[in-house]
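Comments concern the structure below.
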Amino acid sequence: MSTSKVWLITGASSGFGRSMTEHVLLQGDKVVATLRKPEMLDDLAARYPKNKLLVLKVDVSKGEEIDHAFAKTKEVFGRLDVVFNNAGYGVFGEVESTPAEDARAMFDVNFWGASHVSRAAVQFFREVNESGRGGVLLQNSSLAGFVTPPGISYYSASKHALNGFSEGLAHELDPTWNIKICIIEPGGFYTSGLDKMKTYATHPAYNGKTSPAAIVHAAITTGTPEGDANKFSKAVYRLANGDNIPLHLPMGQDALAMLQDRVEKLSAIVPEVAPWSADLKRDDLGAGEVAKVLIPA
């Protein structure tokens with residue numbers, strides 16, 4: 001019996017999606033590669049037969065195309081082991097320089113598209129795979145999912161939304177389904193996907209030398225990310241094939257450093273703001289009576 005796994009990868013045309021598709025195929029696994037322009041994988045389709053690589057046209061902002069991809073996966077392979085929920089893009093510009101309609105379009109991909117893929121993945125893992133087999137859902141988020149540098153507020157908001165959604169979904173799953181969710185939060189990696197980032201002209205009010213957005217803009221447009229996308233793919237592949245799958249996975253020294261800084265700043269806030277919550281309990285509760293808490297610990 002073959003031990004190869006079946007992967008479904010969104011946004012497979014470039015960046016992390018392309019790199020992951022290539023690496024998974026090299027390991028002998030099967031891939032359902034989804035992307036808006038299937039012809040961008042013609043070179044891989046020429047090298048791998050359809051029982052190894054199934055290329056499908058999917059725009060994740062269109063729910064019916066996502067549903068078709070999962071239905072086709074069931075038809076061709078009969079099972080699914082790993083979903084790399086990767087499709088997305090960024091917009092760079094201050095809040096005041098980013099057109100609202102462009103921000104909404106990005107959310108349709110980065111959040112709503114990713115959430116639709118997530119729902120379809122969980123349903124497939126639970127209802128199509130044999131009972132208890134489960135599956136792994138890899139949510140490719142960003143370090144912008146836990147920090148918000150100036151100049152990418154809308155992009156960061158989409159990743160914060162994906163992180164919050166994914167955490168909630170992970171807590172909702174019945175453990176007996178054996179479905180694992182991992183929120184991957186990469187730092188700076190050099191990929192061809194950087195070409196898809198939309199950049200807007202700096203708003204005149206933010207163009208000064210002391211403007212935080214201008215400083216970050218200069219750093220992003222002149223610097224080169226140090227992360228290697230192929231090393232990223234190898235690490236994620238090892239993770240998906242292991243037994244220990246964390247809910248959060250910051251990747252890259254920069255992501256780890258920013259997370260550590262975030263944790264320290266949040267920890268410092270607690271004693272500083274604690275007095276504001278010292279006497280906020282309802283006065284109508286009797287001695288020893290505890291109000292119902294709707295949000296679990």
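Labeling convention for the structure tokens: chains A, B, ... as they appear, residues from 1 per chain, ligands from 1 in order of appearance.
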**Report entry** Non-local contacts of Lys62 in chain A (12 Å; only C-alpha atoms; under 6 positions in same chain excluded) as a list in words
**Finding:** Leu35, Arg36, His68, Ala69, Ala105, Asp108, Val109, Trp112, Gly113, Ala114, Ser115, His116 and Val117 of chain A
Emit the selected residues as a PDB file, in the first residue's frame, including N, CA and C atoms.
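Dumped to part_3.pdb:
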```pdb
ATOM      1  N   LEU A  35      -4.866  27.325  -8.899  1.00  0.00           N
ATOM      2  CA  LEU A  35      -4.364  28.661  -9.200  1.00  0.00           C
ATOM      3  C   LEU A  35      -5.288  29.311 -10.214  1.00  0.00           C
ATOM      4  N   ARG A  36      -5.205  30.614 -10.332  1.00  0.00           N
ATOM      5  CA  ARG A  36      -6.089  31.329 -11.263  1.00  0.00           C
ATOM      6  C   ARG A  36      -5.689  31.107 -12.718  1.00  0.00           C
ATOM      7  N   HIS A  68     -15.625  23.001  -6.351  1.00  0.00           N
ATOM      8  CA  HIS A  68     -15.324  22.111  -7.477  1.00  0.00           C
ATOM      9  C   HIS A  68     -13.970  21.445  -7.292  1.00  0.00           C
ATOM     10  N   ALA A  69     -12.993  22.187  -6.765  1.00  0.00           N
ATOM     11  CA  ALA A  69     -11.655  21.621  -6.572  1.00  0.00           C
ATOM     12  C   ALA A  69     -11.681  20.469  -5.572  1.00  0.00           C
ATOM     13  N   ALA A 105     -11.225  43.823  -1.846  1.00  0.00           N
ATOM     14  CA  ALA A 105     -10.868  42.751  -2.785  1.00  0.00           C
ATOM     15  C   ALA A 105      -9.796  41.843  -2.186  1.00  0.00           C
ATOM     16  N   ASP A 108     -11.331  39.525   0.282  1.00  0.00           N
ATOM     17  CA  ASP A 108     -12.062  38.444  -0.376  1.00  0.00           C
ATOM     18  C   ASP A 108     -11.154  37.250  -0.648  1.00  0.00           C
ATOM     19  N   VAL A 109      -9.882  37.509  -0.863  1.00  0.00           N
ATOM     20  CA  VAL A 109      -8.912  36.435  -1.103  1.00  0.00           C
ATOM     21  C   VAL A 109      -8.274  35.980   0.204  1.00  0.00           C
ATOM     22  N   TRP A 112     -11.762  35.730   3.264  1.00  0.00           N
ATOM     23  CA  TRP A 112     -12.954  34.968   2.892  1.00  0.00           C
ATOM     24  C   TRP A 112     -12.611  33.759   2.040  1.00  0.00           C
ATOM     25  N   GLY A 113     -11.664  33.919   1.123  1.00  0.00           N
ATOM     26  CA  GLY A 113     -11.241  32.772   0.330  1.00  0.00           C
ATOM     27  C   GLY A 113     -10.612  31.696   1.200  1.00  0.00           C
ATOM     28  N   ALA A 114      -9.721  32.127   2.088  1.00  0.00           N
ATOM     29  CA  ALA A 114      -9.052  31.168   2.978  1.00  0.00           C
ATOM     30  C   ALA A 114     -10.043  30.491   3.916  1.00  0.00           C
ATOM     31  N   SER A 115     -11.056  31.232   4.375  1.00  0.00           N
ATOM     32  CA  SER A 115     -12.036  30.632   5.283  1.00  0.00           C
ATOM     33  C   SER A 115     -12.897  29.605   4.547  1.00  0.00           C
ATOM     34  N   HIS A 116     -13.224  29.876   3.280  1.00  0.00           N
ATOM     35  CA  HIS A 116     -14.008  28.913   2.490  1.00  0.00           C
ATOM     36  C   HIS A 116     -13.197  27.643   2.252  1.00  0.00           C
ATOM     37  N   VAL A 117     -11.922  27.804   1.935  1.00  0.00           N
ATOM     38  CA  VAL A 117     -11.053  26.635   1.770  1.00  0.00           C
ATOM     39  C   VAL A 117     -10.992  25.835   3.077  1.00  0.00           C
TER      40      VAL A 117
END
```
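Considering only range 7-39 of chain A, backbone DSSP assigns strand (DSSP E) to A:Trp7, A:Leu8, A:Ile9, A:Thr10, A:Lys30, A:Val31, A:Val32, A:Ala33, A:Thr34, A:Leu35.
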Query - Point-to-point distance from CA of Asn244 in chain A to CA of Ile184 in chain A, Å rounded to tenths - result: 14.0 Å
Requested in this report: Rank nothing, just name the residue among A:Ser97, A:Ser277, A:Ser14, A:Thr3 nearest to Tyr206 in chain A, using only C-alpha atoms.
Outcome: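 Once distances to Tyr206 in chain A are computed over only C-alpha atoms, the minimum belongs to A:Ser97.
A straight line drawn from CA of Gly134 in chain A to CA of Lys180 in chain A is 7.8 Å long.
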Requested in this report: Please identify all polymer residues within 8 Å of Tyr190 in chain A, counting only C-alpha atoms, omitting same-chain residues fewer than 4 positions from it, and present them as a list of chain:residue names.
Outcome: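 Those residues are A:Leu194, A:Thr224, A:Pro225, A:Glu226, A:Gly227, A:Asp228, A:Ala229.
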Query - Minimum-distance residue to Arg47 in chain A, chosen among A:Glu22, A:Ala71, A:Glu65, A:Ser267 (using only C-alpha atoms) - result: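 For Arg47 in chain A, the nearest of the candidates is A:Glu22.
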Query - Residue neighbourhood range 122-127 of chain A, 10 Å, only C-alpha atoms, exclusion window fewer than 3 positions, as a list in words - result: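 In the requested format, the answer is Phe70, Ala71, Thr73, Lys74, Arg79, Leu80, Asp81, Val82, Val83, Val117, Ser118, Arg119, Glu130, Ser131, Gly132, Arg133, Gly134, Gly135, Val136, Leu137, Leu169, Leu173, Asp174, Thr176, Trp177, Asn178, Ile179, Lys180 and Ile181 of chain A.
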**Report entry** Of the listed residues A:Thr191, A:Asn207, A:Thr10, A:Ser4, that which approaches Asn110 in chain A most closely, counting only C-alpha atoms
**Finding:** A:Thr10
Query raised in the report: Near Leu53 in chain A, within 8 Å and counting only C-alpha atoms, which residues show up once chain neighbours fewer than 4 positions away are dropped, as an MDAnalysis selection string?
Result: chainID A and resid 25 30:33 45 48:49
How would the residues just chosen look if you wrote them out with N, CA and C atoms as a PDB file, in the first residue's frame?
```
ATOM      1  N   LEU A  25       5.944  17.212  -4.785  1.00  0.00           N
ATOM      2  CA  LEU A  25       6.046  16.282  -5.908  1.00  0.00           C
ATOM      3  C   LEU A  25       7.376  15.532  -5.901  1.00  0.00           C
ATOM      4  N   LYS A  30       1.300  13.248  -3.991  1.00  0.00           N
ATOM      5  CA  LYS A  30       0.394  13.705  -5.038  1.00  0.00           C
ATOM      6  C   LYS A  30      -0.102  15.105  -4.692  1.00  0.00           C
ATOM      7  N   VAL A  31      -0.309  15.923  -5.720  1.00  0.00           N
ATOM      8  CA  VAL A  31      -0.686  17.314  -5.495  1.00  0.00           C
ATOM      9  C   VAL A  31      -1.881  17.710  -6.358  1.00  0.00           C
ATOM     10  N   VAL A  32      -2.851  18.333  -5.715  1.00  0.00           N
ATOM     11  CA  VAL A  32      -3.903  19.055  -6.423  1.00  0.00           C
ATOM     12  C   VAL A  32      -3.487  20.520  -6.337  1.00  0.00           C
ATOM     13  N   ALA A  33      -2.987  21.050  -7.426  1.00  0.00           N
ATOM     14  CA  ALA A  33      -2.470  22.420  -7.457  1.00  0.00           C
ATOM     15  C   ALA A  33      -3.540  23.340  -8.024  1.00  0.00           C
ATOM     16  N   ALA A  45       3.198  20.195 -15.289  1.00  0.00           N
ATOM     17  CA  ALA A  45       2.212  19.272 -15.857  1.00  0.00           C
ATOM     18  C   ALA A  45       2.832  18.398 -16.935  1.00  0.00           C
ATOM     19  N   TYR A  48       4.896  15.603 -14.822  1.00  0.00           N
ATOM     20  CA  TYR A  48       4.211  14.676 -13.917  1.00  0.00           C
ATOM     21  C   TYR A  48       2.863  14.259 -14.505  1.00  0.00           C
ATOM     22  N   PRO A  49       2.537  12.963 -14.416  1.00  0.00           N
ATOM     23  CA  PRO A  49       1.236  12.489 -14.921  1.00  0.00           C
ATOM     24  C   PRO A  49       0.090  12.999 -14.031  1.00  0.00           C
TER      25      PRO A  49
END
```
Query - Secondary structure check, helix (DSSP H, G or I) residues of range 19-112 of chain A, as a ChimeraX atom specification - result: /A:19-26,38-47,63-77,95-97,100-112
Query raised in the report: Quick one: distance from CA of Val58 in chain A to CA of Thr34 in chain A in Å, one decimal?
Result: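 Atom-to-atom, CA of Val58 in chain A to CA of Thr34 in chain A, that is 5.4 Å.
When only C-alpha atoms are used to measure the gap to Gly151 in chain A, the shortest distance among A:Gly78, A:Gly168, A:Pro250, A:Gly90 belongs to A:Gly90.
Proximity to His248 in chain A was assessed for A:Ser141, A:Ser19, A:Asn85, A:Thr98 counting only C-alpha atoms; the smallest distance is recorded for A:Ser141.
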**Report entry** Polymer residues at most 8 Å from Tyr155 in chain A, only C-alpha atoms, same-chain spacing of 2 or more positions, as number ranges by chain
**Finding:** A: 90-92, 103, 106, 144, 152-153, 157-159
Once you have the residues from the selection above, write them out as a JSON list (two decimals), in the first residue's frame, restricted to all heavy atoms.
```json
[["chain", "number", "residue", "atom", "x", "y", "z"],
["A", 90, "GLY", "N", -0.65, 40.93, -0.98],
["A", 90, "GLY", "CA", -0.57, 42.06, -0.07],
["A", 90, "GLY", "C", -0.81, 43.39, -0.76],
["A", 90, "GLY", "O", -0.67, 43.50, -1.98],
["A", 91, "VAL", "N", -1.18, 44.36, 0.02],
["A", 91, "VAL", "CA", -1.23, 45.74, -0.46],
["A", 91, "VAL", "C", -0.36, 46.57, 0.47],
["A", 91, "VAL", "O", -0.41, 46.42, 1.69],
["A", 91, "VAL", "CB", -2.67, 46.30, -0.50],
["A", 91, "VAL", "CG1", -3.52, 45.51, -1.47],
["A", 91, "VAL", "CG2", -3.32, 46.32, 0.88],
["A", 92, "PHE", "N", 0.47, 47.42, -0.12],
["A", 92, "PHE", "CA", 1.36, 48.26, 0.67],
["A", 92, "PHE", "C", 0.97, 49.71, 0.47],
["A", 92, "PHE", "O", 1.01, 50.24, -0.65],
["A", 92, "PHE", "CB", 2.82, 48.07, 0.30],
["A", 92, "PHE", "CG", 3.76, 48.80, 1.21],
["A", 92, "PHE", "CD1", 4.27, 48.19, 2.33],
["A", 92, "PHE", "CD2", 4.08, 50.13, 0.98],
["A", 92, "PHE", "CE1", 5.11, 48.88, 3.20],
["A", 92, "PHE", "CE2", 4.91, 50.82, 1.84],
["A", 92, "PHE", "CZ", 5.43, 50.20, 2.95],
["A", 103, "ALA", "N", -8.84, 47.20, -0.75],
["A", 103, "ALA", "CA", -8.72, 46.50, 0.53],
["A", 103, "ALA", "C", -9.78, 45.41, 0.64],
["A", 103, "ALA", "O", -9.50, 44.30, 1.10],
["A", 103, "ALA", "CB", -8.85, 47.49, 1.68],
["A", 106, "MET", "N", -8.84, 42.42, -1.47],
["A", 106, "MET", "CA", -7.80, 41.63, -0.83],
["A", 106, "MET", "C", -8.40, 40.75, 0.26],
["A", 106, "MET", "O", -8.03, 39.57, 0.40],
["A", 106, "MET", "CB", -6.72, 42.54, -0.24],
["A", 106, "MET", "CG", -5.56, 41.78, 0.40],
["A", 106, "MET", "SD", -4.50, 42.86, 1.37],
["A", 106, "MET", "CE", -5.64, 43.40, 2.63],
["A", 144, "ALA", "N", 2.63, 39.38, 10.07],
["A", 144, "ALA", "CA", 1.67, 40.48, 10.15],
["A", 144, "ALA", "C", 0.37, 40.04, 10.78],
["A", 144, "ALA", "O", -0.53, 40.86, 10.99],
["A", 144, "ALA", "CB", 1.42, 41.05, 8.76],
["A", 152, "ILE", "N", 1.13, 48.64, 6.15],
["A", 152, "ILE", "CA", 0.44, 47.42, 5.67],
["A", 152, "ILE", "C", -0.75, 47.11, 6.58],
["A", 152, "ILE", "O", -1.04, 45.94, 6.87],
["A", 152, "ILE", "CB", 1.39, 46.21, 5.58],
["A", 152, "ILE", "CG1", 2.06, 45.91, 6.92],
["A", 152, "ILE", "CG2", 2.43, 46.41, 4.49],
["A", 152, "ILE", "CD1", 2.81, 44.58, 6.94],
["A", 153, "SER", "N", -1.44, 48.14, 7.02],
["A", 153, "SER", "CA", -2.53, 47.96, 7.99],
["A", 153, "SER", "C", -3.62, 47.04, 7.46],
["A", 153, "SER", "O", -4.13, 46.18, 8.18],
["A", 153, "SER", "CB", -3.12, 49.31, 8.37],
["A", 153, "SER", "OG", -2.15, 50.11, 9.02],
["A", 157, "ALA", "N", -4.49, 43.42, 8.83],
["A", 157, "ALA", "CA", -5.84, 43.15, 9.33],
["A", 157, "ALA", "C", -6.39, 41.85, 8.74],
["A", 157, "ALA", "O", -7.05, 41.06, 9.43],
["A", 157, "ALA", "CB", -6.76, 44.31, 9.00],
["A", 158, "SER", "N", -6.10, 41.59, 7.45],
["A", 158, "SER", "CA", -6.59, 40.36, 6.84],
["A", 158, "SER", "C", -5.93, 39.13, 7.47],
["A", 158, "SER", "O", -6.57, 38.09, 7.63],
["A", 158, "SER", "CB", -6.34, 40.38, 5.32],
["A", 158, "SER", "OG", -4.96, 40.21, 5.00],
["A", 159, "LYS", "N", -4.66, 39.26, 7.84],
["A", 159, "LYS", "CA", -3.96, 38.14, 8.47],
["A", 159, "LYS", "C", -4.35, 37.98, 9.93],
["A", 159, "LYS", "O", -4.42, 36.85, 10.45],
["A", 159, "LYS", "CB", -2.45, 38.32, 8.32],
["A", 159, "LYS", "CG", -1.96, 38.23, 6.88],
["A", 159, "LYS", "CD", -2.32, 36.90, 6.23],
["A", 159, "LYS", "CE", -1.71, 36.75, 4.85],
["A", 159, "LYS", "NZ", -2.04, 35.44, 4.23]]
```
Query raised in the report: Given the choices A:Gly252, A:Tyr237, A:Gln139, A:Leu56, which gets closest to Leu26 in chain A if the distance is worked out from only C-alpha atoms?
Result: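 Of A:Gly252, A:Tyr237, A:Gln139, A:Leu56, the one nearest Leu26 in chain A is A:Tyr237, counting only C-alpha atoms.
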